[in-house]
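input12.txt follows; it contains compact mmCIF, N, CA and C atoms.
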```txt
# COMPACT_ATOMS: atom_id res chain seq x y z
N MET A 1 -88.39 -88.18 49.62
CA MET A 1 -86.95 -87.98 49.57
C MET A 1 -86.44 -88.39 48.19
N ILE A 2 -85.52 -87.64 47.67
CA ILE A 2 -84.90 -87.95 46.38
C ILE A 2 -83.88 -89.06 46.60
N THR A 3 -83.96 -90.09 45.77
CA THR A 3 -83.05 -91.23 45.90
C THR A 3 -82.07 -91.37 44.75
N GLY A 4 -82.18 -90.52 43.74
CA GLY A 4 -81.26 -90.59 42.62
C GLY A 4 -81.84 -89.89 41.41
N ILE A 5 -81.12 -89.90 40.32
CA ILE A 5 -81.59 -89.32 39.06
C ILE A 5 -82.18 -90.46 38.25
N ALA A 6 -83.44 -90.32 37.86
CA ALA A 6 -84.13 -91.39 37.13
C ALA A 6 -83.72 -91.42 35.67
N HIS A 7 -83.71 -90.25 35.00
CA HIS A 7 -83.33 -90.22 33.59
C HIS A 7 -83.03 -88.80 33.15
N ILE A 8 -82.40 -88.70 31.99
CA ILE A 8 -82.32 -87.44 31.26
C ILE A 8 -83.03 -87.70 29.95
N ALA A 9 -83.52 -86.66 29.33
CA ALA A 9 -84.23 -86.79 28.06
C ALA A 9 -83.47 -86.02 26.98
N VAL A 10 -83.33 -86.66 25.82
CA VAL A 10 -82.59 -86.08 24.70
C VAL A 10 -83.49 -86.11 23.47
N ASN A 11 -83.61 -84.99 22.79
CA ASN A 11 -84.32 -84.95 21.51
C ASN A 11 -83.34 -85.33 20.42
N ALA A 12 -83.58 -86.46 19.78
CA ALA A 12 -82.66 -86.97 18.76
C ALA A 12 -83.11 -86.56 17.37
N LYS A 13 -82.22 -85.92 16.63
CA LYS A 13 -82.52 -85.57 15.24
C LYS A 13 -82.47 -86.80 14.36
N ASP A 14 -81.52 -87.69 14.63
CA ASP A 14 -81.33 -88.91 13.86
C ASP A 14 -81.24 -90.06 14.85
N MET A 15 -82.34 -90.78 15.04
CA MET A 15 -82.40 -91.83 16.06
C MET A 15 -81.35 -92.91 15.82
N GLU A 16 -81.12 -93.26 14.57
CA GLU A 16 -80.13 -94.30 14.29
C GLU A 16 -78.74 -93.89 14.77
N LYS A 17 -78.35 -92.65 14.49
CA LYS A 17 -77.04 -92.16 14.95
C LYS A 17 -76.99 -92.09 16.47
N SER A 18 -78.07 -91.62 17.09
CA SER A 18 -78.10 -91.51 18.55
C SER A 18 -78.05 -92.89 19.20
N MET A 19 -78.80 -93.84 18.67
CA MET A 19 -78.78 -95.20 19.22
C MET A 19 -77.39 -95.81 19.05
N ASP A 20 -76.78 -95.61 17.90
CA ASP A 20 -75.44 -96.13 17.66
C ASP A 20 -74.47 -95.57 18.69
N PHE A 21 -74.54 -94.27 18.94
CA PHE A 21 -73.63 -93.62 19.87
C PHE A 21 -73.84 -94.12 21.30
N TYR A 22 -75.07 -94.05 21.79
CA TYR A 22 -75.33 -94.39 23.18
C TYR A 22 -75.24 -95.89 23.46
N VAL A 23 -75.63 -96.74 22.50
CA VAL A 23 -75.61 -98.18 22.73
C VAL A 23 -74.27 -98.79 22.32
N LYS A 24 -73.87 -98.61 21.06
CA LYS A 24 -72.66 -99.27 20.57
C LYS A 24 -71.38 -98.63 21.09
N VAL A 25 -71.37 -97.30 21.23
CA VAL A 25 -70.14 -96.63 21.65
C VAL A 25 -70.05 -96.53 23.17
N LEU A 26 -71.09 -95.99 23.81
CA LEU A 26 -71.03 -95.78 25.26
C LEU A 26 -71.46 -97.00 26.07
N GLY A 27 -72.16 -97.95 25.46
CA GLY A 27 -72.48 -99.18 26.16
C GLY A 27 -73.78 -99.21 26.94
N PHE A 28 -74.65 -98.22 26.73
CA PHE A 28 -75.97 -98.29 27.36
C PHE A 28 -76.72 -99.47 26.75
N LYS A 29 -77.66 -100.02 27.48
CA LYS A 29 -78.48 -101.12 26.96
C LYS A 29 -79.85 -100.58 26.57
N LYS A 30 -80.34 -101.03 25.41
CA LYS A 30 -81.70 -100.65 25.03
C LYS A 30 -82.64 -101.37 25.98
N ALA A 31 -83.44 -100.59 26.72
CA ALA A 31 -84.32 -101.16 27.73
C ALA A 31 -85.70 -101.46 27.15
N PHE A 32 -86.32 -100.45 26.55
CA PHE A 32 -87.65 -100.62 25.96
C PHE A 32 -87.98 -99.41 25.11
N SER A 33 -89.05 -99.51 24.35
CA SER A 33 -89.52 -98.43 23.47
C SER A 33 -90.96 -98.09 23.84
N LEU A 34 -91.33 -96.84 23.62
CA LEU A 34 -92.71 -96.41 23.81
C LEU A 34 -93.23 -95.83 22.50
N ALA A 35 -94.47 -96.19 22.18
CA ALA A 35 -95.14 -95.61 21.02
C ALA A 35 -95.92 -94.39 21.48
N HIS A 36 -96.10 -93.45 20.56
CA HIS A 36 -96.87 -92.25 20.89
C HIS A 36 -98.30 -92.67 21.25
N PRO A 37 -98.84 -92.16 22.36
CA PRO A 37 -100.17 -92.61 22.81
C PRO A 37 -101.31 -92.25 21.85
N GLU A 38 -101.13 -91.23 21.04
CA GLU A 38 -102.21 -90.81 20.13
C GLU A 38 -102.06 -91.40 18.74
N THR A 39 -100.82 -91.49 18.24
CA THR A 39 -100.62 -91.92 16.85
C THR A 39 -100.09 -93.34 16.72
N GLY A 40 -99.50 -93.86 17.79
CA GLY A 40 -98.90 -95.19 17.71
C GLY A 40 -97.52 -95.20 17.07
N ALA A 41 -97.06 -94.05 16.60
CA ALA A 41 -95.74 -93.94 15.97
C ALA A 41 -94.64 -94.09 17.02
N PRO A 42 -93.43 -94.49 16.59
CA PRO A 42 -92.31 -94.53 17.55
C PRO A 42 -92.16 -93.18 18.23
N TRP A 43 -91.95 -93.20 19.54
CA TRP A 43 -91.93 -91.96 20.31
C TRP A 43 -90.67 -91.81 21.14
N ILE A 44 -90.38 -92.82 22.00
CA ILE A 44 -89.24 -92.73 22.90
C ILE A 44 -88.51 -94.07 22.96
N GLU A 45 -87.18 -94.01 22.91
CA GLU A 45 -86.35 -95.19 23.16
C GLU A 45 -85.72 -95.00 24.54
N TYR A 46 -85.87 -95.99 25.39
CA TYR A 46 -85.27 -95.94 26.72
C TYR A 46 -83.98 -96.76 26.74
N LEU A 47 -82.90 -96.14 27.21
CA LEU A 47 -81.61 -96.78 27.33
C LEU A 47 -81.26 -96.83 28.81
N GLN A 48 -80.62 -97.92 29.24
CA GLN A 48 -80.36 -98.13 30.66
C GLN A 48 -78.89 -98.34 30.94
N ALA A 49 -78.43 -97.74 32.03
CA ALA A 49 -77.11 -97.99 32.61
C ALA A 49 -77.31 -98.03 34.11
N GLY A 50 -77.16 -99.19 34.70
CA GLY A 50 -77.44 -99.33 36.13
C GLY A 50 -78.91 -99.07 36.39
N ASN A 51 -79.18 -98.18 37.32
CA ASN A 51 -80.55 -97.82 37.64
C ASN A 51 -80.96 -96.48 37.04
N GLN A 52 -80.19 -95.99 36.09
CA GLN A 52 -80.51 -94.73 35.43
C GLN A 52 -80.85 -94.99 33.97
N PHE A 53 -81.61 -94.04 33.41
CA PHE A 53 -82.05 -94.18 32.03
C PHE A 53 -81.78 -92.89 31.25
N ILE A 54 -81.66 -93.05 29.94
CA ILE A 54 -81.69 -91.93 29.01
C ILE A 54 -82.90 -92.16 28.12
N GLU A 55 -83.72 -91.14 27.98
CA GLU A 55 -84.85 -91.18 27.05
C GLU A 55 -84.41 -90.49 25.78
N LEU A 56 -84.51 -91.19 24.66
CA LEU A 56 -84.23 -90.58 23.36
C LEU A 56 -85.56 -90.38 22.65
N PHE A 57 -85.92 -89.12 22.42
CA PHE A 57 -87.17 -88.79 21.74
C PHE A 57 -86.93 -88.70 20.24
N TYR A 58 -87.83 -89.29 19.46
CA TYR A 58 -87.75 -89.27 18.00
C TYR A 58 -88.06 -87.88 17.44
N ASN A 59 -87.52 -87.64 16.25
CA ASN A 59 -87.91 -86.54 15.38
C ASN A 59 -87.75 -85.15 15.98
N ALA A 60 -86.59 -84.87 16.55
CA ALA A 60 -86.33 -83.51 17.01
C ALA A 60 -86.32 -82.59 15.80
N LYS A 61 -87.11 -81.56 15.84
CA LYS A 61 -87.24 -80.66 14.69
C LYS A 61 -86.43 -79.38 14.83
N GLU A 62 -86.10 -79.03 16.07
CA GLU A 62 -85.41 -77.75 16.29
C GLU A 62 -84.15 -77.97 17.10
N GLU A 63 -83.29 -76.97 17.07
CA GLU A 63 -82.11 -77.01 17.92
C GLU A 63 -82.55 -77.05 19.37
N ASN A 64 -81.77 -77.72 20.20
CA ASN A 64 -82.05 -77.77 21.63
C ASN A 64 -81.82 -76.37 22.20
N PRO A 65 -82.86 -75.69 22.70
CA PRO A 65 -82.67 -74.32 23.17
C PRO A 65 -81.79 -74.23 24.40
N TRP A 66 -81.61 -75.30 25.14
CA TRP A 66 -80.78 -75.26 26.34
C TRP A 66 -79.31 -75.38 26.04
N ARG A 67 -78.97 -75.99 24.91
CA ARG A 67 -77.58 -76.29 24.64
C ARG A 67 -76.72 -75.03 24.55
N SER A 68 -77.23 -73.97 23.99
CA SER A 68 -76.39 -72.79 23.79
C SER A 68 -76.73 -71.66 24.74
N SER A 69 -77.67 -71.87 25.64
CA SER A 69 -78.03 -70.79 26.55
C SER A 69 -77.17 -70.84 27.81
N LEU A 70 -77.22 -69.77 28.57
CA LEU A 70 -76.45 -69.70 29.80
C LEU A 70 -77.17 -70.36 30.97
N CYS A 71 -78.43 -70.67 30.82
CA CYS A 71 -79.17 -71.32 31.89
C CYS A 71 -79.76 -72.62 31.37
N GLY A 72 -80.25 -73.45 32.25
CA GLY A 72 -80.85 -74.71 31.85
C GLY A 72 -79.83 -75.83 31.78
N PHE A 73 -80.11 -76.84 31.00
CA PHE A 73 -79.27 -78.03 30.90
C PHE A 73 -77.87 -77.66 30.42
N ASN A 74 -76.86 -78.21 31.09
CA ASN A 74 -75.48 -77.91 30.74
C ASN A 74 -74.77 -79.12 30.12
N HIS A 75 -74.76 -80.25 30.81
CA HIS A 75 -74.10 -81.44 30.27
C HIS A 75 -74.53 -82.68 31.03
N LEU A 76 -74.19 -83.83 30.48
CA LEU A 76 -74.42 -85.13 31.08
C LEU A 76 -73.07 -85.66 31.52
N CYS A 77 -72.97 -86.13 32.76
CA CYS A 77 -71.72 -86.71 33.24
C CYS A 77 -71.93 -88.21 33.44
N LEU A 78 -71.06 -89.01 32.82
CA LEU A 78 -71.12 -90.46 32.94
C LEU A 78 -69.92 -90.94 33.74
N ARG A 79 -70.19 -91.70 34.79
CA ARG A 79 -69.13 -92.25 35.62
C ARG A 79 -68.56 -93.48 34.93
N VAL A 80 -67.23 -93.57 34.86
CA VAL A 80 -66.54 -94.70 34.25
C VAL A 80 -65.52 -95.27 35.23
N ASP A 81 -65.22 -96.56 35.09
CA ASP A 81 -64.22 -97.20 35.94
C ASP A 81 -62.80 -96.95 35.44
N ASP A 82 -62.63 -96.90 34.12
CA ASP A 82 -61.31 -96.72 33.51
C ASP A 82 -61.45 -95.69 32.39
N ILE A 83 -61.14 -94.46 32.68
CA ILE A 83 -61.37 -93.37 31.72
C ILE A 83 -60.51 -93.52 30.47
N HIS A 84 -59.30 -94.01 30.61
CA HIS A 84 -58.43 -94.15 29.45
C HIS A 84 -58.97 -95.20 28.48
N SER A 85 -59.49 -96.30 29.00
CA SER A 85 -60.11 -97.32 28.14
C SER A 85 -61.37 -96.78 27.48
N ALA A 86 -62.16 -96.01 28.24
CA ALA A 86 -63.40 -95.44 27.69
C ALA A 86 -63.08 -94.48 26.55
N VAL A 87 -62.10 -93.62 26.74
CA VAL A 87 -61.73 -92.66 25.70
C VAL A 87 -61.20 -93.40 24.46
N LYS A 88 -60.39 -94.41 24.67
CA LYS A 88 -59.86 -95.19 23.54
C LYS A 88 -61.00 -95.82 22.75
N MET A 89 -61.97 -96.41 23.45
CA MET A 89 -63.11 -97.05 22.79
C MET A 89 -63.92 -96.03 21.98
N ILE A 90 -64.13 -94.86 22.54
CA ILE A 90 -64.90 -93.81 21.86
C ILE A 90 -64.17 -93.34 20.61
N LYS A 91 -62.88 -93.12 20.72
CA LYS A 91 -62.09 -92.69 19.56
C LYS A 91 -62.07 -93.76 18.47
N GLU A 92 -61.93 -95.02 18.87
CA GLU A 92 -61.92 -96.11 17.90
C GLU A 92 -63.25 -96.23 17.17
N ALA A 93 -64.33 -95.76 17.81
CA ALA A 93 -65.65 -95.77 17.17
C ALA A 93 -65.83 -94.56 16.25
N GLY A 94 -64.83 -93.68 16.20
CA GLY A 94 -64.87 -92.55 15.28
C GLY A 94 -65.40 -91.25 15.86
N TYR A 95 -65.53 -91.18 17.17
CA TYR A 95 -66.02 -89.94 17.79
C TYR A 95 -64.84 -89.19 18.40
N PRO A 96 -64.69 -87.92 18.06
CA PRO A 96 -63.57 -87.14 18.60
C PRO A 96 -63.85 -86.68 20.03
N MET A 97 -62.79 -86.49 20.76
CA MET A 97 -62.90 -85.93 22.11
C MET A 97 -62.76 -84.41 22.00
N ASP A 98 -63.56 -83.68 22.75
CA ASP A 98 -63.41 -82.23 22.81
C ASP A 98 -62.29 -81.84 23.76
N LYS A 99 -62.11 -82.65 24.81
CA LYS A 99 -61.04 -82.41 25.77
C LYS A 99 -60.54 -83.77 26.24
N GLU A 100 -59.25 -83.97 26.14
CA GLU A 100 -58.64 -85.24 26.54
C GLU A 100 -58.66 -85.39 28.06
N VAL A 101 -58.22 -86.52 28.54
CA VAL A 101 -58.22 -86.83 29.97
C VAL A 101 -57.36 -85.83 30.72
N SER A 102 -57.93 -85.29 31.79
CA SER A 102 -57.20 -84.39 32.68
C SER A 102 -57.78 -84.52 34.08
N GLU A 103 -57.05 -84.01 35.04
CA GLU A 103 -57.55 -84.03 36.42
C GLU A 103 -58.29 -82.73 36.69
N GLY A 104 -59.52 -82.86 37.17
CA GLY A 104 -60.32 -81.68 37.50
C GLY A 104 -59.94 -81.10 38.85
N LYS A 105 -60.49 -79.96 39.17
CA LYS A 105 -60.23 -79.30 40.45
C LYS A 105 -60.65 -80.17 41.63
N ASP A 106 -61.60 -81.08 41.38
CA ASP A 106 -62.08 -81.97 42.44
C ASP A 106 -61.25 -83.25 42.56
N ARG A 107 -60.16 -83.36 41.78
CA ARG A 107 -59.21 -84.47 41.79
C ARG A 107 -59.69 -85.69 41.01
N ASN A 108 -60.86 -85.61 40.37
CA ASN A 108 -61.33 -86.69 39.52
C ASN A 108 -60.77 -86.53 38.12
N LEU A 109 -60.59 -87.66 37.43
CA LEU A 109 -60.18 -87.61 36.02
C LEU A 109 -61.42 -87.35 35.18
N GLN A 110 -61.27 -86.52 34.15
CA GLN A 110 -62.39 -86.18 33.29
C GLN A 110 -61.93 -86.06 31.84
N ALA A 111 -62.88 -86.30 30.94
CA ALA A 111 -62.68 -86.10 29.50
C ALA A 111 -64.04 -85.69 28.94
N TRP A 112 -64.03 -84.97 27.81
CA TRP A 112 -65.26 -84.41 27.27
C TRP A 112 -65.44 -84.74 25.80
N LEU A 113 -66.71 -84.93 25.40
CA LEU A 113 -67.09 -85.13 24.01
C LEU A 113 -68.52 -84.68 23.83
N LYS A 114 -69.03 -84.80 22.60
CA LYS A 114 -70.42 -84.44 22.31
C LYS A 114 -71.11 -85.63 21.66
N ASP A 115 -72.42 -85.76 21.92
CA ASP A 115 -73.20 -86.81 21.26
C ASP A 115 -73.57 -86.32 19.86
N PRO A 116 -74.26 -87.14 19.05
CA PRO A 116 -74.58 -86.72 17.68
C PRO A 116 -75.44 -85.47 17.59
N ASP A 117 -76.15 -85.10 18.66
CA ASP A 117 -76.97 -83.88 18.66
C ASP A 117 -76.27 -82.71 19.33
N GLY A 118 -75.01 -82.86 19.66
CA GLY A 118 -74.24 -81.76 20.23
C GLY A 118 -74.34 -81.62 21.74
N ILE A 119 -74.94 -82.59 22.42
CA ILE A 119 -75.03 -82.53 23.88
C ILE A 119 -73.67 -82.85 24.46
N ARG A 120 -73.21 -81.99 25.35
CA ARG A 120 -71.89 -82.18 25.97
C ARG A 120 -71.95 -83.33 26.96
N ILE A 121 -70.95 -84.20 26.89
CA ILE A 121 -70.86 -85.35 27.78
C ILE A 121 -69.50 -85.33 28.46
N GLU A 122 -69.53 -85.42 29.78
CA GLU A 122 -68.32 -85.53 30.57
C GLU A 122 -68.17 -86.97 31.01
N LEU A 123 -67.01 -87.53 30.82
CA LEU A 123 -66.68 -88.84 31.39
C LEU A 123 -65.90 -88.56 32.66
N MET A 124 -66.23 -89.26 33.76
CA MET A 124 -65.55 -89.00 35.02
C MET A 124 -65.16 -90.31 35.68
N GLN A 125 -63.89 -90.39 36.04
CA GLN A 125 -63.40 -91.50 36.86
C GLN A 125 -63.19 -90.94 38.26
N ILE A 126 -63.96 -91.46 39.21
CA ILE A 126 -63.94 -90.94 40.58
C ILE A 126 -62.66 -91.34 41.30
N ASN A 127 -61.98 -90.37 41.86
CA ASN A 127 -60.82 -90.59 42.71
C ASN A 127 -61.35 -90.79 44.13
N PRO A 128 -60.96 -91.87 44.81
CA PRO A 128 -61.46 -92.07 46.18
C PRO A 128 -61.15 -90.90 47.11
N GLN A 129 -60.12 -90.12 46.80
CA GLN A 129 -59.76 -88.96 47.63
C GLN A 129 -60.48 -87.68 47.25
N SER A 130 -61.31 -87.74 46.20
CA SER A 130 -62.06 -86.56 45.78
C SER A 130 -63.24 -86.35 46.73
N PRO A 131 -63.84 -85.16 46.71
CA PRO A 131 -65.03 -84.94 47.55
C PRO A 131 -66.15 -85.95 47.25
N GLN A 132 -66.35 -86.26 45.95
CA GLN A 132 -67.37 -87.23 45.58
C GLN A 132 -67.03 -88.61 46.12
N GLY A 133 -65.76 -89.02 45.95
CA GLY A 133 -65.32 -90.33 46.42
C GLY A 133 -65.51 -90.48 47.92
N LYS A 134 -65.19 -89.41 48.66
CA LYS A 134 -65.35 -89.45 50.12
C LYS A 134 -66.83 -89.54 50.49
N CYS A 135 -67.68 -88.79 49.79
CA CYS A 135 -69.12 -88.85 50.07
C CYS A 135 -69.69 -90.24 49.77
N MET A 136 -69.13 -90.89 48.76
CA MET A 136 -69.62 -92.21 48.35
C MET A 136 -68.98 -93.33 49.17
N GLY A 137 -68.01 -92.99 50.01
CA GLY A 137 -67.35 -94.00 50.83
C GLY A 137 -66.42 -94.91 50.06
N LEU A 138 -65.78 -94.38 49.01
CA LEU A 138 -64.87 -95.20 48.20
C LEU A 138 -63.50 -95.34 48.85
```

Take the structure from the file and write it as structure tokens.
Amino acid sequence: MITGIAHIAVNAKDMEKSMDFYVKVLGFKKAFSLAHPETGAPWIEYLQAGNQFIELFYNAKEENPWRSSLCGFNHLCLRVDDIHSAVKMIKEAGYPMDKEVSEGKDRNLQAWLKDPDGIRIELMQINPQSPQGKCMGL
């Protein structure tokens, strides 16, 4: 049985920028690093939020083929407790929002931005009266 989402994987063109964004701006914690099993070179940085992880892979050489296609990976959604504070913190760190806070069709508050590699990120504050909130028993 599936019990949750373990991680998403991101190919980072510039690891320093990606680490700065995910750790300093969004507040993920650096969990651990993995070296490449054949070369010993830096390979993956693991970032943690709760029981979920983001894998940041070093040395992305090409554009992410899923980012601009109609199928495949679409976006990452991060749940936040206070969306207005989260947006303020992100803006103060110098990252622009693609879409400011608004209420979605599901009654949750949402805002949108992109990470340094152009991956779309949705911030979501769950409304207890939304379908998600009701499913979660909020």

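In this comparison, which uses only N, CA and C atoms, the residue of A:Lys13, A:His36, A:Lys114, A:Arg107 approaching Phe57 in chain A most closely is A:Lys13.
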
Residue with smallest distance to Pro131 in chain A - pool A:Asn108, A:Gly27, A:Ser18, A:Gly40, counting only C-alpha atoms |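 Of A:Asn108, A:Gly27, A:Ser18, A:Gly40, the one nearest Pro131 in chain A is A:Asn108, counting only C-alpha atoms.
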
Contact check, range 75-104 of chain A to range 117-124 of chain A, at most 6.5 Å, counting only N, CA and C atoms, closest pairs as a tab-separated table:
```
residue	atom	partner	partner_atom	distance
A:His75	CA	A:Arg120	C	4.4
A:Leu76	C	A:Glu122	N	4.0
A:Cys77	CA	A:Glu122	C	4.2
A:Leu78	N	A:Glu122	C	4.0
A:Arg79	CA	A:Met124	C	4.4
A:Val80	N	A:Met124	C	3.9
A:Asp81	N	A:Met124	C	6.3
A:Ile83	CA	A:Met124	C	6.3
```

Residues from last step as file, N, CA and C atoms, as a JSON list (two decimals), in the coordinates of the input:
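Final output, part.json:
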```json
[["chain", "number", "residue", "atom", "x", "y", "z"],
["A", 75, "HIS", "N", -74.76, -80.25, 30.81],
["A", 75, "HIS", "CA", -74.10, -81.44, 30.27],
["A", 75, "HIS", "C", -74.53, -82.68, 31.03],
["A", 76, "LEU", "N", -74.19, -83.83, 30.48],
["A", 76, "LEU", "CA", -74.42, -85.13, 31.08],
["A", 76, "LEU", "C", -73.07, -85.66, 31.52],
["A", 77, "CYS", "N", -72.97, -86.13, 32.76],
["A", 77, "CYS", "CA", -71.72, -86.71, 33.24],
["A", 77, "CYS", "C", -71.93, -88.21, 33.44],
["A", 78, "LEU", "N", -71.06, -89.01, 32.82],
["A", 78, "LEU", "CA", -71.12, -90.46, 32.94],
["A", 78, "LEU", "C", -69.92, -90.94, 33.74],
["A", 79, "ARG", "N", -70.19, -91.70, 34.79],
["A", 79, "ARG", "CA", -69.13, -92.25, 35.62],
["A", 79, "ARG", "C", -68.56, -93.48, 34.93],
["A", 80, "VAL", "N", -67.23, -93.57, 34.86],
["A", 80, "VAL", "CA", -66.54, -94.70, 34.25],
["A", 80, "VAL", "C", -65.52, -95.27, 35.23],
["A", 81, "ASP", "N", -65.22, -96.56, 35.09],
["A", 81, "ASP", "CA", -64.22, -97.20, 35.94],
["A", 81, "ASP", "C", -62.80, -96.95, 35.44],
["A", 83, "ILE", "N", -61.14, -94.46, 32.68],
["A", 83, "ILE", "CA", -61.37, -93.37, 31.72],
["A", 83, "ILE", "C", -60.51, -93.52, 30.47]]
```

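Atom to atom, CA of Ala41 in chain A and CA of Ile54 in chain A stand 19.3 Å apart.
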
Length of the CA of Tyr95 in chain A to atom N of Ala12 in chain A vector [Å] = 18.0 Å

Can you work out which one of A:Gly104, A:Tyr46, A:Asp115, A:His84 has the shortest atom-to-atom distance to Phe21 in chain A, counting all atoms listed in the file?
->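 Among the listed residues, A:Asp115 lies closest to Phe21 in chain A.
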
Any chance you could list, as a PyMOL selection string, the residues in chain A that come up helix (DSSP H, G or I) when DSSP is run on the backbone?
-> chain A and resi 15-25+83-92+131-136

Written selection (N, CA and C atoms) as a tab-separated table (two decimals), in the frame of the given file:
```
chain	number	residue	atom	x	y	z
A	15	MET	N	-82.34	-90.78	15.04
A	15	MET	CA	-82.40	-91.83	16.06
A	15	MET	C	-81.35	-92.91	15.82
A	16	GLU	N	-81.12	-93.26	14.57
A	16	GLU	CA	-80.13	-94.30	14.29
A	16	GLU	C	-78.74	-93.89	14.77
A	17	LYS	N	-78.35	-92.65	14.49
A	17	LYS	CA	-77.04	-92.16	14.95
A	17	LYS	C	-76.99	-92.09	16.47
A	18	SER	N	-78.07	-91.62	17.09
A	18	SER	CA	-78.10	-91.51	18.55
A	18	SER	C	-78.05	-92.89	19.20
A	19	MET	N	-78.80	-93.84	18.67
A	19	MET	CA	-78.78	-95.20	19.22
A	19	MET	C	-77.39	-95.81	19.05
A	20	ASP	N	-76.78	-95.61	17.90
A	20	ASP	CA	-75.44	-96.13	17.66
A	20	ASP	C	-74.47	-95.57	18.69
A	21	PHE	N	-74.54	-94.27	18.94
A	21	PHE	CA	-73.63	-93.62	19.87
A	21	PHE	C	-73.84	-94.12	21.30
A	22	TYR	N	-75.07	-94.05	21.79
A	22	TYR	CA	-75.33	-94.39	23.18
A	22	TYR	C	-75.24	-95.89	23.46
A	23	VAL	N	-75.63	-96.74	22.50
A	23	VAL	CA	-75.61	-98.18	22.73
A	23	VAL	C	-74.27	-98.79	22.32
A	24	LYS	N	-73.87	-98.61	21.06
A	24	LYS	CA	-72.66	-99.27	20.57
A	24	LYS	C	-71.38	-98.63	21.09
A	25	VAL	N	-71.37	-97.30	21.23
A	25	VAL	CA	-70.14	-96.63	21.65
A	25	VAL	C	-70.05	-96.53	23.17
A	83	ILE	N	-61.14	-94.46	32.68
A	83	ILE	CA	-61.37	-93.37	31.72
A	83	ILE	C	-60.51	-93.52	30.47
A	84	HIS	N	-59.30	-94.01	30.61
A	84	HIS	CA	-58.43	-94.15	29.45
A	84	HIS	C	-58.97	-95.20	28.48
A	85	SER	N	-59.49	-96.30	29.00
A	85	SER	CA	-60.11	-97.32	28.14
A	85	SER	C	-61.37	-96.78	27.48
A	86	ALA	N	-62.16	-96.01	28.24
A	86	ALA	CA	-63.40	-95.44	27.69
A	86	ALA	C	-63.08	-94.48	26.55
A	87	VAL	N	-62.10	-93.62	26.74
A	87	VAL	CA	-61.73	-92.66	25.70
A	87	VAL	C	-61.20	-93.40	24.46
A	88	LYS	N	-60.39	-94.41	24.67
A	88	LYS	CA	-59.86	-95.19	23.54
A	88	LYS	C	-61.00	-95.82	22.75
A	89	MET	N	-61.97	-96.41	23.45
A	89	MET	CA	-63.11	-97.05	22.79
A	89	MET	C	-63.92	-96.03	21.98
A	90	ILE	N	-64.13	-94.86	22.54
A	90	ILE	CA	-64.90	-93.81	21.86
A	90	ILE	C	-64.17	-93.34	20.61
A	91	LYS	N	-62.88	-93.12	20.72
A	91	LYS	CA	-62.09	-92.69	19.56
A	91	LYS	C	-62.07	-93.76	18.47
A	92	GLU	N	-61.93	-95.02	18.87
A	92	GLU	CA	-61.92	-96.11	17.90
A	92	GLU	C	-63.25	-96.23	17.17
A	131	PRO	N	-63.84	-85.16	46.71
A	131	PRO	CA	-65.03	-84.94	47.55
A	131	PRO	C	-66.15	-85.95	47.25
A	132	GLN	N	-66.35	-86.26	45.95
A	132	GLN	CA	-67.37	-87.23	45.58
A	132	GLN	C	-67.03	-88.61	46.12
A	133	GLY	N	-65.76	-89.02	45.95
A	133	GLY	CA	-65.32	-90.33	46.42
A	133	GLY	C	-65.51	-90.48	47.92
A	134	LYS	N	-65.19	-89.41	48.66
A	134	LYS	CA	-65.35	-89.45	50.12
A	134	LYS	C	-66.83	-89.54	50.49
A	135	CYS	N	-67.68	-88.79	49.79
A	135	CYS	CA	-69.12	-88.85	50.07
A	135	CYS	C	-69.69	-90.24	49.77
A	136	MET	N	-69.13	-90.89	48.76
A	136	MET	CA	-69.62	-92.21	48.35
A	136	MET	C	-68.98	-93.33	49.17
```

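Distance-wise, CA of Ile5 in chain A and atom N of Gly94 in chain A end up 28.7 Å apart.
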
Chain A: which residues are strand (DSSP E) by DSSP, as a ChimeraX atom specification?
-> /A:7-11,29-35,42-49,52-57,76-79,99-103,109-114,120-125

Check the smallest atom-to-atom distance from each of A:Asn59, A:Asp106, A:Phe28, A:Ala93 to Pro42 in chain A using only N, CA and C atoms, then report the winner.
->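 Of A:Asn59, A:Asp106, A:Phe28, A:Ala93, the one nearest Pro42 in chain A, counting only N, CA and C atoms, is A:Asn59.
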
Using all atoms listed in the file, the residue out of A:Glu38, A:Gln125, A:Met89, A:Asn74 with shortest distance to Lys24 in chain A is A:Met89
